Structure formats: structure tokens, C-alpha cells
Amino acid sequence: MVEKKSPASGWPIVQGDFHTGDAQSCVGVVTMGSHLDEQGICDAGAGIAGSCKTENLGLEKIIANVISNPNIRFILCCGTEVKGHLSGQSFIALHEGGVSGGKIVGAQGAIPFIENLSDEAISRFQEQVEIVNIMESEDMGAIKAKIDELKARDPGAFGAEPMIVEVKEAGGAGAEEATGEVQPLSGELALVHARMKVIERMVTDIGYRNKFAAGVYSGKIEGLMIGLIVSFVILGFILLG
């Protein structure tokens with residue numbers, strides 16, 4: 001019999017749009033943009049199941065709940081992709097390539113920026129679970145069959161103890177806080193946010209380049225003045241001599 005561990009106290013530690021089942025199950029299910037029978041998926045053997053509509057906070061919540069339960073060794077990705085956010089593609093890209101400069105490597109979503117997870121937490125997620133991708137499938141029969149298949153491959157609990165991370169909600173007290181569900185941006189608004197972030201980074205880069213150029217220019221002027229002064233001194237010595 002495979003070894004199991006107790007998840008973090010109060011697991012799942014982060015609220016969200018999901019249902020829970022057996023905390024010792026090795027399978028977590030993410031239905032992305034689809035609202036399927038998540039409770040039925042849990043009854044079929046998943047430890048946790050729910051949607052994920054955003055490629056930033058939504059992913060962070062999933063990862064926080066996964067690494068706080070060492071028993072989860074597989075994440076089954078199913079359901080339809082989320083337009084604009086591409087949370088499914090971003091989630092898989094994060095597992096494959098991690099994060100660089102706060103952005104998910106290889107993510108194609110509009111705003112794939114991670115703020116609440118450390119490199120250590122991301123590495124733990126990558127090491128603890130295997131991603132199983134049947135995206136675009138909403139067939140409950142196929143999903144339940146895949147859960148059975150993964151449970152048969154259960155390697156036992158991950159070797160380390162539960163890891164606790166704090167996931168802070170985006171500012172504002174709205175429907176998200178009241179329901180625990182992340183409200184996705186429209187695809188168009190998500191693109192606007194992404195472009196604003198790109199512009200912000202470009203402005204920062206331009207500022208750095210301007211500082212560098214100013215420093216080079218100042219150095220040239222200073223060098224020219226020193227050269228002129230030295231030339232005048234040498235010329236004075238020649239004339240006086």
C-alpha cells in the first residue's frame with residue numbers, strides 16, 4: 001500500500017471555485033473554462049476539482065492547494081480553454097518552464113504574471129505533480145476513466161511535508177471575496193491589461209537607456225574639457241619656455 005500524508009491543516013488552504021473529495025487522493029482535476037459536475041468528479045475519486053479562468057491568480061490558487069497536500073501527484077487538465085486568458089495553456093507552460101521575471105515562460109495568455117508564488121513554491125509544484133492533458137474534453141465518462149487510470153498509478157505521497165503559501169486577492173472587495181470565485185476579465189480587457197504591462201516595461205527600459213546615454217554624454221563632455229585644459233597647460237608651458 002502506498003504511503004499517504006496529512007495535508008496542511010484546514011486544507012484546502014485557499015478558497016476558490018472548486019469542490020473537494022478524498023484528501024488522500026492522488027488526483028486533482030482542473031476543468032478550466034468549463035463548469036462540469038465537479039462534485040461528481042470528486043465522488044469519482046478526485047481529491048479536488050474546479051475551474052480555472054485566469055492565468056495568474058487562478059493558477060496561483062491551484063498551485064497553493066496542490067503543494068499544501070503532498071498526496072496530489074497528478075493534475076488532470078480538461079474542459080474548454082478560456083478565451084483571451086488561455087489559462088490551460090498557461091498552466092501547462094508554467095509546469096514545463098516555470099517563471100522568469102514574474103512572467104510564465106512560454107505562456108500565451110494575456111496576463112500570465114505570477115505575484116504570490118516563490119521560485120521554491122513553483123519548483124515544488126513542478127516536482128510534486130505530473131500534468132495529464134485532455135483539454136477540450138468535457139466527457140464525464142472519459143474524465144472518470146482517466147481518474148481511475150491515474151489512481152492505479154498512485155506513487156504515494158510526495159516526499160516533503162505540505163508547503164504553505166499565501167495567495168493575496170487582487171485589490172478591491174467585490175464578488176470575488178464574497179463568493180471565493182475569481183471573476184475573469186473579458187478577452188478584450190485582458191489584452192488591454194497585457195498591453196499596459198508591456199508599455200510599462202518599455203517605459204522602464206527607455207528610462208534606463210536614457211540614463212545610460214546621459215552618462216555617456218556627460219563622460220564625453222567631461223573628457224573633452226579635461227583634454228582642453230591639459231592642452232592649454234601644455235601650450236602655456238611651450239609659450240613660456
# chains A, B, ... in the order shown; residues from 1 in each chain; ligands from 1

call {"tool": "select_by_dssp", "arguments": {"residues": "segment 31-191 of chain A", "states": "strand (DSSP E)", "output": "list in words"}}
result
Ile48, Ala49, Gly50, Phe74, Ile75, Leu76, Cys77, Val99, Ser100, Lys103, Ile104, Glu130, Ile131, Val132 and Asn133 of chain A

call {"tool": "write_last_selection", "arguments": {"atoms": "N, CA, C and O atoms", "output": "mmCIF file, in the first residue's frame"}}
result
data_model
loop_
_atom_site.group_PDB
_atom_site.id
_atom_site.type_symbol
_atom_site.label_atom_id
_atom_site.label_comp_id
_atom_site.auth_asym_id
_atom_site.auth_seq_id
_atom_site.Cartn_x
_atom_site.Cartn_y
_atom_site.Cartn_z
ATOM 1 N N ILE A 48 -9.656 17.014 -5.459
ATOM 2 C CA ILE A 48 -10.154 18.378 -5.621
ATOM 3 C C ILE A 48 -10.454 18.588 -7.099
ATOM 4 O O ILE A 48 -9.773 18.035 -7.959
ATOM 5 N N ALA A 49 -11.488 19.354 -7.405
ATOM 6 C CA ALA A 49 -11.865 19.603 -8.800
ATOM 7 C C ALA A 49 -12.527 20.960 -8.910
ATOM 8 O O ALA A 49 -13.324 21.345 -8.057
ATOM 9 N N GLY A 50 -12.161 21.697 -9.958
ATOM 10 C CA GLY A 50 -12.770 23.002 -10.163
ATOM 11 C C GLY A 50 -12.237 23.665 -11.416
ATOM 12 O O GLY A 50 -11.331 23.155 -12.077
ATOM 13 N N PHE A 74 -1.013 13.985 -9.462
ATOM 14 C CA PHE A 74 -1.416 14.196 -10.850
ATOM 15 C C PHE A 74 -2.417 15.350 -10.915
ATOM 16 O O PHE A 74 -3.294 15.455 -10.056
ATOM 17 N N ILE A 75 -2.266 16.197 -11.929
ATOM 18 C CA ILE A 75 -3.284 17.213 -12.231
ATOM 19 C C ILE A 75 -3.852 16.891 -13.604
ATOM 20 O O ILE A 75 -3.116 16.891 -14.615
ATOM 21 N N LEU A 76 -5.133 16.600 -13.647
ATOM 22 C CA LEU A 76 -5.811 16.292 -14.903
ATOM 23 C C LEU A 76 -6.441 17.571 -15.449
ATOM 24 O O LEU A 76 -7.342 18.147 -14.833
ATOM 25 N N CYS A 77 -5.955 18.037 -16.592
ATOM 26 C CA CYS A 77 -6.482 19.244 -17.230
ATOM 27 C C CYS A 77 -7.515 18.849 -18.274
ATOM 28 O O CYS A 77 -7.200 18.107 -19.219
ATOM 29 N N VAL A 99 8.770 30.264 -14.228
ATOM 30 C CA VAL A 99 8.535 31.703 -14.318
ATOM 31 C C VAL A 99 9.868 32.431 -14.440
ATOM 32 O O VAL A 99 10.843 32.069 -13.788
ATOM 33 N N SER A 100 9.916 33.441 -15.270
ATOM 34 C CA SER A 100 11.112 34.267 -15.411
ATOM 35 C C SER A 100 10.691 35.734 -15.399
ATOM 36 O O SER A 100 9.845 36.142 -16.192
ATOM 37 N N LYS A 103 6.943 36.454 -15.153
ATOM 38 C CA LYS A 103 6.055 36.017 -16.231
ATOM 39 C C LYS A 103 6.244 34.531 -16.491
ATOM 40 O O LYS A 103 7.373 34.025 -16.475
ATOM 41 N N ILE A 104 5.142 33.829 -16.757
ATOM 42 C CA ILE A 104 5.206 32.402 -17.054
ATOM 43 C C ILE A 104 5.919 32.202 -18.393
ATOM 44 O O ILE A 104 5.531 32.772 -19.411
ATOM 45 N N GLU A 130 2.491 15.473 -11.910
ATOM 46 C CA GLU A 130 2.566 15.249 -13.347
ATOM 47 C C GLU A 130 1.293 15.819 -13.956
ATOM 48 O O GLU A 130 0.193 15.598 -13.436
ATOM 49 N N ILE A 131 1.433 16.583 -15.041
ATOM 50 C CA ILE A 131 0.271 17.147 -15.727
ATOM 51 C C ILE A 131 -0.230 16.139 -16.763
ATOM 52 O O ILE A 131 0.546 15.626 -17.576
ATOM 53 N N VAL A 132 -1.516 15.861 -16.732
ATOM 54 C CA VAL A 132 -2.145 14.980 -17.716
ATOM 55 C C VAL A 132 -3.155 15.829 -18.494
ATOM 56 O O VAL A 132 -4.104 16.366 -17.910
ATOM 57 N N ASN A 133 -2.938 15.971 -19.768
ATOM 58 C CA ASN A 133 -3.688 16.935 -20.572
ATOM 59 C C ASN A 133 -4.714 16.256 -21.474
ATOM 60 O O ASN A 133 -4.355 15.553 -22.424
#

call {"tool": "residues_around", "arguments": {"residues": "Gly21 of chain A", "least_positions_apart": "3", "cutoff": "12 Å", "atoms": "only C-alpha atoms", "output": "list in words"}}
result
Trp11, Pro12, Phe18, Gln24, Ser25, Cys26, Val27, Gly28, Val29, Glu38, Gln39, Gly40, Ile41, Cys42, Asp43, Ala44, Gly45, Ala46, Gly47, Ile48, Ala49, Gly50 and Ile72 of chain A

call {"tool": "atom_distance", "arguments": {"atom1": "atom CA of Val14 of chain A", "atom2": "atom CA of Ala145 of chain A"}}
result
27.8 Å

call {"tool": "closest_residue", "arguments": {"among": "A:Ile13, A:Val105, A:Ala157, A:Val129", "to": "Ser90 of chain A", "atoms": "only C-alpha atoms"}}
result
A:Val105
